[in-house]
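Colleague: run_37.txt is reproduced in full below (compact mmCIF, C-alpha atoms).
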```txt
# COMPACT_ATOMS: atom_id res chain seq x y z
CA MET A 171 23.83 8.11 -18.51
CA GLU A 172 20.52 6.24 -18.65
CA PRO A 173 17.71 7.92 -20.59
CA PRO A 174 15.91 10.16 -18.08
CA LYS A 175 12.49 9.02 -16.92
CA TYR A 176 11.96 12.00 -14.63
CA ALA A 177 12.76 15.67 -14.35
CA LEU A 178 12.96 17.86 -11.25
CA ALA A 179 11.50 21.30 -11.78
CA ALA A 180 11.37 24.33 -9.51
CA TYR A 181 8.11 24.29 -7.59
CA GLY A 182 5.74 27.04 -8.72
CA ALA A 183 7.70 27.98 -11.84
CA GLU A 184 5.59 29.64 -14.52
CA ASP A 185 7.60 28.17 -17.40
CA GLU A 186 8.44 24.59 -16.52
CA ALA A 187 11.00 24.19 -19.35
CA ASP A 188 13.11 27.13 -18.11
CA GLU A 189 13.20 25.89 -14.52
CA ILE A 190 14.32 22.27 -14.88
CA TRP A 191 16.79 21.56 -12.07
CA ALA A 192 17.76 18.01 -13.06
CA LEU A 193 17.09 15.13 -15.42
CA CYS A 194 16.88 11.87 -13.47
CA ALA A 195 17.11 8.19 -14.30
CA GLU A 196 14.72 6.69 -11.76
CA ALA A 197 12.69 7.25 -8.60
CA GLU A 198 12.21 4.97 -5.58
CA ASN A 199 9.37 4.97 -3.04
CA LEU A 200 7.38 7.21 -5.36
CA PHE A 201 4.02 5.48 -5.44
CA GLY A 202 1.57 5.44 -2.56
CA ASP A 203 -1.82 3.79 -2.77
CA PRO A 204 -4.43 5.15 -0.34
CA GLN A 205 -4.67 2.99 2.73
CA PRO A 206 -8.05 1.40 3.44
CA PRO A 207 -9.91 3.22 6.19
CA ALA A 208 -8.55 2.12 9.55
CA ARG A 209 -11.03 0.41 11.81
CA GLY A 210 -11.70 2.20 15.04
CA THR A 211 -13.77 1.83 18.17
CA TYR A 212 -16.60 4.31 18.77
CA GLU A 213 -19.23 4.86 21.42
CA LEU A 214 -22.76 6.00 20.64
CA ILE A 215 -23.43 7.90 23.87
CA GLY A 216 -26.94 8.36 25.18
CA CYS A 217 -28.45 6.10 22.55
CA ALA A 218 -32.10 5.13 22.12
CA PRO A 219 -31.82 2.26 19.60
CA GLU A 220 -34.63 1.38 17.21
CA GLY A 221 -35.23 -1.03 14.35
CA GLU A 222 -32.28 -3.10 13.15
CA LEU A 223 -29.88 -1.46 15.61
CA SER A 224 -32.03 -2.66 18.51
CA LYS A 225 -32.19 -6.20 17.06
CA VAL A 226 -28.43 -6.35 16.47
CA LEU A 227 -27.76 -5.04 19.97
CA THR A 228 -29.78 -7.94 21.38
CA ARG A 229 -27.72 -10.42 19.33
CA ALA A 230 -24.47 -8.76 20.46
CA ARG A 231 -25.46 -9.21 24.12
CA ALA A 232 -25.97 -12.92 23.48
CA ASP A 233 -22.98 -13.59 21.17
CA GLY A 234 -20.42 -11.04 22.33
CA SER A 235 -20.67 -9.00 19.12
CA ALA A 236 -22.82 -8.79 15.98
CA PRO A 237 -22.51 -7.20 12.50
CA LEU A 238 -24.66 -4.16 11.69
CA GLY A 239 -23.43 -2.97 8.28
CA ALA A 240 -23.35 0.71 7.35
CA LEU A 241 -24.49 3.41 9.78
CA THR A 242 -25.20 7.05 8.97
CA LEU A 243 -25.25 9.73 11.65
CA GLU A 244 -27.34 12.75 10.72
CA ILE A 245 -25.97 15.81 12.53
CA LEU A 246 -28.88 17.84 13.91
CA ASP A 247 -29.17 21.54 14.65
CA LYS A 248 -30.89 22.89 17.76
CA GLU A 249 -34.26 22.60 16.00
CA GLY A 250 -33.65 18.93 15.19
CA ALA A 251 -33.10 19.50 11.46
CA GLN A 252 -30.29 17.80 9.57
CA VAL A 253 -27.26 19.98 8.81
CA GLU A 254 -24.82 17.30 7.61
CA GLU A 255 -24.26 13.57 7.71
CA TRP A 256 -21.31 11.34 8.58
CA SER A 257 -21.03 7.62 7.94
CA LEU A 258 -19.39 4.50 9.28
CA GLU A 259 -19.01 1.27 7.31
CA ASP A 260 -18.73 -2.41 8.19
CA VAL A 261 -20.06 -1.66 11.67
CA ARG A 262 -19.94 -4.36 14.35
CA VAL A 263 -21.77 -3.85 17.65
CA LEU A 264 -19.55 -4.92 20.56
CA GLY A 265 -21.84 -4.27 23.51
CA ASP A 266 -23.61 -1.64 25.61
CA ARG A 267 -24.04 -0.29 29.13
CA PRO A 268 -26.35 2.20 30.89
CA CYS A 269 -25.65 5.85 30.04
CA VAL A 270 -24.39 7.69 33.12
CA ARG A 271 -26.08 10.88 31.88
CA ASP A 272 -29.49 9.26 31.57
CA LEU A 273 -30.13 5.72 32.84
CA SER A 274 -33.06 5.32 30.41
CA LEU A 275 -30.54 5.45 27.52
CA ARG A 276 -27.61 3.21 26.53
CA ASP A 277 -23.99 3.80 25.59
CA ILE A 278 -23.33 1.43 22.67
CA THR A 279 -19.79 0.40 21.74
CA ILE A 280 -19.14 -0.34 18.06
CA GLU A 281 -16.18 -1.12 15.83
CA ALA A 282 -16.24 0.39 12.32
CA SER A 283 -14.38 2.03 9.43
CA GLU A 284 -14.94 5.64 8.44
CA SER A 285 -16.58 6.11 5.06
CA PRO A 286 -14.14 7.66 2.52
CA ASP A 287 -16.99 9.93 1.42
CA ASN A 288 -17.20 11.71 4.78
CA PRO A 289 -16.79 15.48 4.38
CA TYR A 290 -14.42 15.70 7.36
CA ASP A 291 -12.48 13.50 9.75
CA TYR A 292 -14.83 13.68 12.72
CA PRO A 293 -18.39 15.00 13.13
CA GLN A 294 -19.13 18.02 15.33
CA CYS A 295 -22.61 18.99 16.45
CA PRO A 296 -23.55 22.69 16.46
CA PRO A 297 -24.38 24.43 19.78
CA LEU A 298 -27.56 23.23 21.51
CA SER A 299 -27.86 20.26 19.14
CA PRO A 300 -29.77 17.25 20.52
CA GLY A 301 -27.15 15.01 18.88
CA TYR A 302 -27.47 12.59 15.96
CA ARG A 303 -30.24 10.76 14.17
CA LEU A 304 -29.14 7.21 13.30
CA LEU A 305 -30.05 5.73 9.92
CA GLY A 306 -29.47 2.46 8.07
CA VAL A 307 -28.21 2.01 4.53
CA ARG A 308 -31.69 2.69 3.08
CA SER A 309 -32.27 5.63 5.44
CA GLU A 310 -34.42 3.51 7.72
CA PRO A 311 -34.56 4.97 11.28
CA TRP A 312 -32.37 3.28 13.86
CA GLY A 313 -32.93 5.72 16.72
CA GLY A 314 -30.67 8.49 17.91
CA CYS A 315 -27.77 9.30 20.19
CA ARG A 316 -26.67 12.41 22.04
CA ASP A 317 -22.96 12.18 21.30
CA LEU A 318 -20.26 10.16 19.54
CA ALA A 319 -16.87 9.31 21.07
CA HIS A 320 -13.88 7.87 19.23
CA VAL A 321 -11.90 5.51 21.45
CA LEU A 322 -8.27 6.06 20.43
CA ASP A 323 -6.09 2.95 20.16
CA GLY A 324 -2.81 4.76 20.78
CA GLN A 325 -1.16 3.32 17.66
CA PRO A 326 1.00 5.87 15.78
CA ASP A 327 0.45 6.50 12.07
CA LEU A 328 3.00 4.75 9.88
CA ALA A 329 5.24 7.27 8.12
CA GLU A 330 5.74 6.82 4.38
CA PRO A 331 9.36 6.63 3.19
CA SER A 332 10.98 9.58 1.46
CA VAL A 333 11.15 9.58 -2.33
CA ARG A 334 14.68 8.91 -3.63
CA VAL A 335 15.39 10.42 -7.05
CA LEU A 336 18.33 8.56 -8.56
CA GLY A 337 20.95 9.35 -11.18
CA CYS A 338 20.18 13.07 -11.39
CA ALA A 339 22.16 15.46 -13.60
CA PRO A 340 21.77 18.79 -11.73
CA ARG A 341 21.64 22.17 -13.41
CA GLY A 342 20.59 25.75 -12.73
CA ALA A 343 19.66 26.75 -9.19
CA LEU A 344 20.07 23.18 -7.90
CA GLN A 345 23.63 22.94 -9.20
CA THR A 346 24.40 26.32 -7.64
CA ALA A 347 23.02 25.17 -4.27
CA LEU A 348 25.03 21.95 -4.40
CA ASP A 349 28.24 23.78 -5.32
CA ALA A 350 27.74 26.20 -2.42
CA GLY A 351 27.13 23.36 0.04
CA GLU A 352 23.72 24.71 0.99
CA GLU A 353 21.53 22.59 3.22
CA ASP A 354 18.30 24.07 1.86
CA LEU A 355 18.06 22.72 -1.68
CA GLY A 356 14.60 24.14 -2.32
CA HIS A 357 11.11 22.97 -3.20
CA ALA A 358 10.66 20.92 -6.35
CA ARG A 359 8.16 19.06 -8.49
CA LEU A 360 9.01 15.63 -9.87
CA ILE A 361 7.76 15.14 -13.43
CA ARG A 362 7.43 11.89 -15.38
CA LEU A 363 8.90 12.15 -18.90
CA ASP A 364 8.16 10.09 -22.01
CA GLU A 365 10.88 8.56 -24.18
CA SER A 366 11.18 11.84 -26.12
CA GLY A 367 11.70 13.88 -22.96
CA ARG A 368 8.24 15.45 -23.02
CA THR A 369 6.13 15.79 -19.90
CA VAL A 370 3.79 12.88 -19.28
CA GLN A 371 2.44 14.01 -15.91
CA SER A 372 3.46 15.75 -12.71
CA ALA A 373 4.19 13.03 -10.15
CA VAL A 374 4.74 14.61 -6.73
CA GLU A 375 5.79 17.87 -5.06
CA GLY A 376 7.93 18.35 -2.00
CA GLU A 377 11.15 19.56 -0.40
CA LEU A 378 14.64 18.40 -1.37
CA VAL A 379 16.29 17.55 1.94
CA ALA A 380 19.49 15.64 1.15
CA TRP A 381 21.84 14.39 -1.57
CA ILE A 382 24.71 11.97 -2.11
CA PRO A 383 26.93 11.22 -5.12
CA SER A 384 25.21 8.69 -7.36
CA ALA A 385 26.63 5.30 -8.29
CA ARG A 386 24.95 5.69 -11.70
CA GLY A 387 27.62 7.94 -13.18
CA ARG A 388 30.24 10.62 -12.68
CA GLY A 389 28.80 14.00 -11.76
CA LEU A 390 25.37 12.55 -10.97
CA VAL A 391 23.63 12.77 -7.59
CA ASP A 392 20.87 10.91 -5.76
CA LEU A 393 18.39 13.25 -4.09
CA THR A 394 15.94 12.76 -1.22
CA LEU A 395 12.55 14.43 -1.58
CA GLU A 396 10.02 14.73 1.25
CA PRO A 397 6.57 14.91 -0.43
CA TRP A 398 3.89 17.26 0.73
CA SER A 399 1.49 16.42 -2.09
CA GLU A 400 -0.34 13.15 -2.61
CA ARG A 401 1.80 10.46 -4.22
CA PRO A 402 0.67 8.86 -7.50
CA PRO A 403 -1.03 5.47 -7.15
CA THR A 404 0.83 2.31 -8.09
CA ALA A 405 -1.44 2.00 -11.13
CA ALA A 406 0.06 5.22 -12.53
CA GLU A 407 3.28 3.42 -13.51
CA GLU A 408 1.51 1.15 -16.00
CA VAL A 409 -0.41 4.09 -17.46
CA TRP A 410 2.75 6.17 -17.84
CA GLU A 411 4.41 3.32 -19.73
CA LEU A 412 1.48 3.20 -22.15
CA TRP A 413 1.98 6.94 -22.77
CA ASP A 414 5.78 6.64 -23.17
CA GLY A 415 5.55 7.26 -26.91
CA GLY A 416 3.41 10.36 -26.43
CA ARG A 417 -0.38 10.56 -26.57
CA PRO A 418 -1.67 7.16 -27.73
CA THR A 419 -2.64 6.69 -31.36
CA GLU A 420 -3.98 3.14 -30.89
CA PRO A 421 -7.54 2.89 -29.54
CA GLY A 422 -8.36 0.83 -26.50
CA LEU A 423 -4.96 0.85 -24.76
CA TRP A 424 -6.70 1.83 -21.53
CA ALA A 425 -8.34 -1.61 -21.47
CA ARG A 426 -4.97 -3.19 -20.60
CA CYS A 427 -5.17 -1.53 -17.20
CA GLY A 428 -7.14 -2.66 -14.18
CA VAL A 429 -9.87 -0.50 -12.69
CA GLU A 430 -7.42 1.70 -10.73
CA GLY A 431 -5.29 2.11 -13.84
CA ARG A 432 -8.35 3.19 -15.79
CA ARG A 433 -9.10 5.80 -13.17
CA HIS A 434 -5.57 7.14 -13.54
CA TRP A 435 -5.87 7.00 -17.33
CA LEU A 436 -8.74 9.48 -17.02
CA SER A 437 -6.53 11.88 -15.06
CA MET A 438 -3.87 11.56 -17.78
CA ALA A 439 -6.43 12.21 -20.50
CA LEU A 440 -7.64 15.31 -18.64
CA ASP A 441 -4.08 16.61 -18.21
CA HIS A 442 -3.44 16.21 -21.95
CA HIS A 443 -6.73 17.64 -23.19
CA GLU A 444 -6.26 20.49 -25.66
CA PRO A 445 -8.58 23.27 -24.42
CA GLY A 446 -8.28 25.28 -27.63
CA ARG A 447 -9.44 22.44 -29.84
CA PRO A 448 -12.80 23.30 -31.49
CA ASP A 449 -15.89 21.22 -30.76
CA ALA A 450 -17.40 18.95 -33.37
CA GLU A 451 -20.43 20.43 -35.08
CA ALA A 452 -23.74 20.20 -33.24
CA GLY A 453 -25.72 17.18 -34.39
CA SER A 454 -22.62 15.04 -34.88
CA THR A 455 -22.61 11.27 -34.35
CA PHE A 456 -20.02 9.55 -32.16
CA HIS A 457 -19.38 5.81 -31.98
CA LEU A 458 -18.75 4.29 -28.56
CA ASP A 459 -16.84 0.99 -28.64
CA GLY A 460 -18.52 -0.98 -25.86
CA ARG A 461 -16.52 -4.21 -26.10
CA ARG A 462 -14.31 -3.35 -23.12
CA ILE A 463 -16.74 -1.39 -20.94
CA THR A 464 -16.81 -3.65 -17.90
CA ASP A 465 -16.72 -0.93 -15.21
CA LEU A 466 -17.55 2.75 -14.84
CA PRO A 467 -13.98 4.08 -15.34
CA GLY A 468 -13.84 2.01 -18.53
CA PHE A 469 -17.04 3.68 -19.74
CA PHE A 470 -15.50 7.12 -19.36
CA CYS A 471 -12.22 6.00 -20.99
CA ALA A 472 -14.20 4.70 -23.97
CA LEU A 473 -16.41 7.80 -24.09
CA GLY A 474 -13.39 10.14 -24.12
CA GLU A 475 -11.93 8.08 -26.95
CA ALA A 476 -15.22 8.16 -28.89
CA VAL A 477 -15.40 11.95 -28.76
CA ASN A 478 -11.74 13.00 -28.85
CA GLY A 479 -9.82 9.98 -30.19
CA PRO A 480 -7.30 7.73 -28.41
CA GLY A 481 -6.21 9.26 -25.10
CA GLY A 482 -9.18 11.63 -25.26
CA TYR A 483 -11.15 12.98 -22.31
CA PHE A 484 -14.87 13.65 -22.01
CA GLY A 485 -15.54 13.46 -18.28
CA TRP A 486 -14.60 11.06 -15.47
CA GLY A 487 -17.92 11.18 -13.64
CA LEU A 488 -21.43 12.39 -14.39
CA ASP A 489 -20.86 15.87 -12.96
CA ALA A 490 -17.75 16.27 -15.12
CA LEU A 491 -19.62 14.84 -18.12
CA ALA A 492 -22.39 17.40 -17.63
CA ASP A 493 -19.73 20.14 -17.72
CA CYS A 494 -18.25 18.68 -20.90
CA LEU A 495 -21.66 18.77 -22.60
CA ARG A 496 -21.66 22.58 -22.30
CA GLY A 497 -18.89 22.78 -24.91
CA ARG A 498 -15.12 23.30 -25.26
CA TRP A 499 -14.43 19.61 -24.58
CA GLY A 500 -14.80 18.18 -28.08
CA ALA A 501 -18.59 17.89 -28.47
CA ARG A 502 -21.56 20.10 -27.77
CA TRP A 503 -25.22 19.20 -27.25
CA PRO A 504 -27.09 17.93 -29.18
CA PHE A 505 -25.37 14.89 -30.62
CA THR A 506 -25.99 11.18 -31.17
CA LEU A 507 -24.03 8.44 -29.44
CA VAL A 508 -24.03 5.04 -31.11
CA TRP A 509 -23.17 2.53 -28.37
CA HIS A 510 -21.80 -0.62 -29.99
CA ASP A 511 -21.81 -3.94 -28.09
CA ALA A 512 -23.94 -2.32 -25.40
CA GLU A 513 -24.82 -5.69 -23.88
CA VAL A 514 -21.35 -5.89 -22.31
CA ALA A 515 -22.03 -2.81 -20.21
CA ARG A 516 -25.63 -3.82 -19.55
CA THR A 517 -24.28 -7.01 -17.95
CA CYS A 518 -21.29 -5.52 -16.11
CA LEU A 519 -22.58 -2.13 -14.91
CA GLY A 520 -25.12 -3.51 -12.51
CA LEU A 521 -25.64 -3.07 -8.79
CA VAL A 522 -22.66 -4.47 -6.89
CA PRO A 523 -21.76 -4.78 -3.20
CA ARG A 524 -20.36 -1.42 -2.24
CA THR A 525 -18.94 0.84 0.40
CA GLY A 526 -19.72 4.52 0.02
CA GLN A 527 -21.20 5.74 -3.26
CA ARG A 528 -22.06 2.85 -5.57
CA PRO A 529 -21.25 2.99 -9.30
CA TRP A 530 -23.86 4.16 -11.78
CA THR A 531 -25.73 1.39 -13.56
CA PHE A 532 -26.17 1.00 -17.32
CA GLU A 533 -29.82 2.08 -17.08
CA GLU A 534 -28.92 5.15 -15.03
CA LEU A 535 -26.34 6.21 -17.63
CA LEU A 536 -28.98 5.96 -20.35
CA GLU A 537 -31.39 7.96 -18.19
CA PHE A 538 -28.72 10.64 -17.69
CA PHE A 539 -28.14 10.97 -21.44
CA GLY A 540 -31.88 11.18 -22.01
CA GLU A 541 -32.21 13.99 -19.47
CA GLU A 542 -29.38 15.85 -21.17
CA GLY A 543 -31.02 15.50 -24.59
CA ILE A 544 -28.34 13.17 -26.00
CA ALA A 545 -29.73 10.52 -28.35
CA VAL A 546 -28.23 7.08 -27.62
CA ARG A 547 -28.59 4.26 -30.14
CA LEU A 548 -27.75 0.81 -28.80
CA GLU A 549 -26.20 -1.71 -31.19
```
Can you dump the structure from the file as structure tokens?

Modeller:
Amino acid sequence: MEPPKYALAAYGAEDEADEIWALCAEAENLFGDPQPPARGTYELIGCAPEGELSKVLTRARADGSAPLGALTLEILDKEGAQVEEWSLEDVRVLGDRPCVRDLSLRDITIEASESPDNPYDYPQCPPLSPGYRLLGVRSEPWGGCRDLAHVLDGQPDLAEPSVRVLGCAPRGALQTALDAGEEDLGHARLIRLDESGRTVQSAVEGELVAWIPSARGRGLVDLTLEPWSERPPTAAEEVWELWDGGRPTEPGLWARCGVEGRRHWLSMALDHHEPGRPDAEAGSTFHLDGRRITDLPGFFCALGEAVNGPGGYFGWGLDALADCLRGRWGARWPFTLVWHDAEVARTCLGLVPRTGQRPWTFEELLEFFGEEGIAVRLE
């Protein structure tokens, strides 16, 4: 039998080691990167356009369509005060027509992608609301509209394939269910193992729905799992391989990964953080290796390593970093951070074209540390 890369464990088990249902050689169709936001067609109903929206609408009438950029809809309460906001990105104005509710207003048709930062799938105005206030990317006023309609395209969502867990050696409750010929094999969690058989990270959770004898060996089975949890990103596979020998002892391994891999590295580091480990003494000095800090995830990978060693975690965003500064994460305020080769980050962590929330800049990171009372020395 091949060395197991995965284990199937009973979903919800308190003691994972006592509830292993199978050791498995491989998994297919496991990874699933988030799909980019689908473009849709929307109508701004009862719109009174202003500013750039009015200018772009004029161009769209002449050219057939015209790009607008990002558009924010402020949801208003009955008093006209903002209660929430909802955004569209890469907006293109397709045209307009008189509003049947009020001929002094226009119904404007646009094509756009939903912002991934939206708090919900579709905005809903509260009772007696006058509608939405329309804003540009710098909050400049673009008018208002009374309602928003999503024009459905009728295309079905593409279903993701089931996960196939291959070369599994069943045991425990799973073996009992297979022997009894039960159709309901239960709910399980698929776990990635390192080369010593220790847990690297939980991969996906779901329902075991089918099995067949495996071609990988006598007594082995191939199982079909229908996930109900989010699948790991493709970048997780590279990160898991770098953790195959256990928690890294070599610094800077995270730099071999691309930006998505670095984001997943941070989730690995968080999963493997030792909560009982005492903090360094107040007033300590930590050395941040800045040679590989070319993006914001890389900054947090390097920071976790500076405070807690290779594979260490000390936040994956500024809110999480602020929590870490309160203690129990390896360092407690106050301390000094010596940032070596800081010019790399000063060059790379600048303003970039963005959708949604832009990354923090080098200067903003320094400002954050200053506000938190952390002394930063640039070298």

Colleague: Taking only residues of range 373-486 of chain A that have an atom at most 12 Å from an atom of range 193-198 of chain A, what is each one's shortest atom pair and its distance in Å to one decimal, using all atoms listed in the file, in chain and number order, as a tab-separated table?

Modeller:
```
residue	atom	partner	partner_atom	distance
A:Ala373	CA	A:Ala197	CA	10.4
A:Val374	CA	A:Ala197	CA	11.0
A:Ser384	CA	A:Ala195	CA	10.7
A:Ala385	CA	A:Ala195	CA	11.6
A:Arg386	CA	A:Ala195	CA	8.6
A:Gly387	CA	A:Ala195	CA	10.6
A:Leu390	CA	A:Cys194	CA	8.9
A:Val391	CA	A:Cys194	CA	9.0
A:Asp392	CA	A:Cys194	CA	8.7
A:Leu393	CA	A:Ala197	CA	9.4
A:Thr394	CA	A:Glu198	CA	9.7
A:Leu395	CA	A:Ala197	CA	10.0
A:Arg401	CA	A:Glu198	CA	11.8
A:Thr404	CA	A:Glu198	CA	12.0
A:Glu407	CA	A:Ala197	CA	11.3
```

Colleague: Can you spit out the residues from that selection as a PDB file, in the frame of the given file, using C-alpha atoms?

Modeller:
```pdb
ATOM      1  CA  ALA A 373       4.190  13.030 -10.150  1.00  0.00           C
ATOM      2  CA  VAL A 374       4.740  14.610  -6.730  1.00  0.00           C
ATOM      3  CA  SER A 384      25.210   8.690  -7.360  1.00  0.00           C
ATOM      4  CA  ALA A 385      26.630   5.300  -8.290  1.00  0.00           C
ATOM      5  CA  ARG A 386      24.950   5.690 -11.700  1.00  0.00           C
ATOM      6  CA  GLY A 387      27.620   7.940 -13.180  1.00  0.00           C
ATOM      7  CA  LEU A 390      25.370  12.550 -10.970  1.00  0.00           C
ATOM      8  CA  VAL A 391      23.630  12.770  -7.590  1.00  0.00           C
ATOM      9  CA  ASP A 392      20.870  10.910  -5.760  1.00  0.00           C
ATOM     10  CA  LEU A 393      18.390  13.250  -4.090  1.00  0.00           C
ATOM     11  CA  THR A 394      15.940  12.760  -1.220  1.00  0.00           C
ATOM     12  CA  LEU A 395      12.550  14.430  -1.580  1.00  0.00           C
ATOM     13  CA  ARG A 401       1.800  10.460  -4.220  1.00  0.00           C
ATOM     14  CA  THR A 404       0.830   2.310  -8.090  1.00  0.00           C
ATOM     15  CA  GLU A 407       3.280   3.420 -13.510  1.00  0.00           C
TER      16      GLU A 407
END
```

Colleague: I want to know what sits within 8 Å of Ala179 in chain A, based on only C-alpha atoms, with residues of the same chain fewer than 4 positions away left out; could you give that as a PyMOL selection string?

Modeller: chain A and resi 183+186+189-192+358-361

Colleague: With C-alpha atoms retained, export the selected residues as a PDB file, keeping the file's coordinate frame.

Modeller:
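Once everything was written out, this is again00.pdb:
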```pdb
ATOM      1  CA  ALA A 183       7.700  27.980 -11.840  1.00  0.00           C
ATOM      2  CA  GLU A 186       8.440  24.590 -16.520  1.00  0.00           C
ATOM      3  CA  GLU A 189      13.200  25.890 -14.520  1.00  0.00           C
ATOM      4  CA  ILE A 190      14.320  22.270 -14.880  1.00  0.00           C
ATOM      5  CA  TRP A 191      16.790  21.560 -12.070  1.00  0.00           C
ATOM      6  CA  ALA A 192      17.760  18.010 -13.060  1.00  0.00           C
ATOM      7  CA  ALA A 358      10.660  20.920  -6.350  1.00  0.00           C
ATOM      8  CA  ARG A 359       8.160  19.060  -8.490  1.00  0.00           C
ATOM      9  CA  LEU A 360       9.010  15.630  -9.870  1.00  0.00           C
ATOM     10  CA  ILE A 361       7.760  15.140 -13.430  1.00  0.00           C
TER      11      ILE A 361
END
```

Colleague: What is the distance, in Å and to one decimal place, between CA of Gly540 in chain A and CA of Trp424 in chain A?

Modeller: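 Computing the Euclidean distance for CA of Gly540 in chain A and CA of Trp424 in chain A yields 26.9 Å.
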
Colleague: Do a neighbour search on Thr419 in chain A at 10 Å with only C-alpha atoms, toss out local chain neighbours closer than 5 positions, and write the hits as a PyMOL selection string.

Modeller: chain A and resi 413+479-481

Colleague: Rounded to one decimal in Å, what is the spacing between CA of Ala218 in chain A and CA of Leu305 in chain A?

Modeller: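 CA of Leu305 in chain A lies 12.4 Å from CA of Ala218 in chain A.
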
Colleague: For each of A:Glu549, A:Gln345, A:Tyr212, A:Asp465, take the minimum atom-to-atom distance to Arg433 in chain A, counting only C-alpha atoms, then give the residue where this is smallest.

Modeller: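 Among A:Glu549, A:Gln345, A:Tyr212, A:Asp465, it is A:Asp465 that comes nearest to Arg433 in chain A.
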
Colleague: Can you tell me which residues surround Pro173 in chain A at a distance of at most 12 Å, considering only C-alpha atoms, apart from same-chain residues fewer than 2 positions away, and format the answer as number ranges by chain?

Modeller: A: 171, 175-177, 193-196, 337-339, 363-367, 386

Colleague: Using all atoms listed in the file, which residues sit within 12 Å of Ser309 in chain A once same-chain residues fewer than 3 positions away are excluded, as a list in words?

Modeller: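 My list of contacting residues is Gly221, Glu222, Ala240, Leu241, Thr242, Leu243, Glu244, Glu255, Ser257, Arg303, Leu304, Leu305, Gly306, Trp312 and Gly313 of chain A.
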
Colleague: Could you check the closest approach to Gly250 in chain A for each of A:Leu298, A:Ile544, A:Val370, A:Val477 and tell me which residue wins, using all atoms listed in the file?

Modeller: A:Leu298

Colleague: CA of Gly543 in chain A and CA of Phe505 in chain A, how far apart in Å?

Modeller: 8.3 Å

Colleague: Neighbours of Cys295 in chain A within 10 Å (all atoms listed in the file; same-chain residues fewer than 4 positions away dropped), as number ranges by chain?

Modeller: A: 244-248, 253-254, 299-302, 316-318

Colleague: Write the residues you've just listed into a file as a PDB file, in the frame of the given file, and include C-alpha atoms for each of them.

Modeller:
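Writing the result to out-v4.pdb gives the following:
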```pdb
ATOM      1  CA  GLU A 244     -27.340  12.750  10.720  1.00  0.00           C
ATOM      2  CA  ILE A 245     -25.970  15.810  12.530  1.00  0.00           C
ATOM      3  CA  LEU A 246     -28.880  17.840  13.910  1.00  0.00           C
ATOM      4  CA  ASP A 247     -29.170  21.540  14.650  1.00  0.00           C
ATOM      5  CA  LYS A 248     -30.890  22.890  17.760  1.00  0.00           C
ATOM      6  CA  VAL A 253     -27.260  19.980   8.810  1.00  0.00           C
ATOM      7  CA  GLU A 254     -24.820  17.300   7.610  1.00  0.00           C
ATOM      8  CA  SER A 299     -27.860  20.260  19.140  1.00  0.00           C
ATOM      9  CA  PRO A 300     -29.770  17.250  20.520  1.00  0.00           C
ATOM     10  CA  GLY A 301     -27.150  15.010  18.880  1.00  0.00           C
ATOM     11  CA  TYR A 302     -27.470  12.590  15.960  1.00  0.00           C
ATOM     12  CA  ARG A 316     -26.670  12.410  22.040  1.00  0.00           C
ATOM     13  CA  ASP A 317     -22.960  12.180  21.300  1.00  0.00           C
ATOM     14  CA  LEU A 318     -20.260  10.160  19.540  1.00  0.00           C
TER      15      LEU A 318
END
```

Colleague: From the set A:Arg368, A:Ser332, A:Leu348, A:Pro418, which residue has the shortest atom-to-atom contact distance to Pro174 in chain A, counting all atoms listed in the file?

Modeller: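 Nearest to Pro174 in chain A: A:Arg368.
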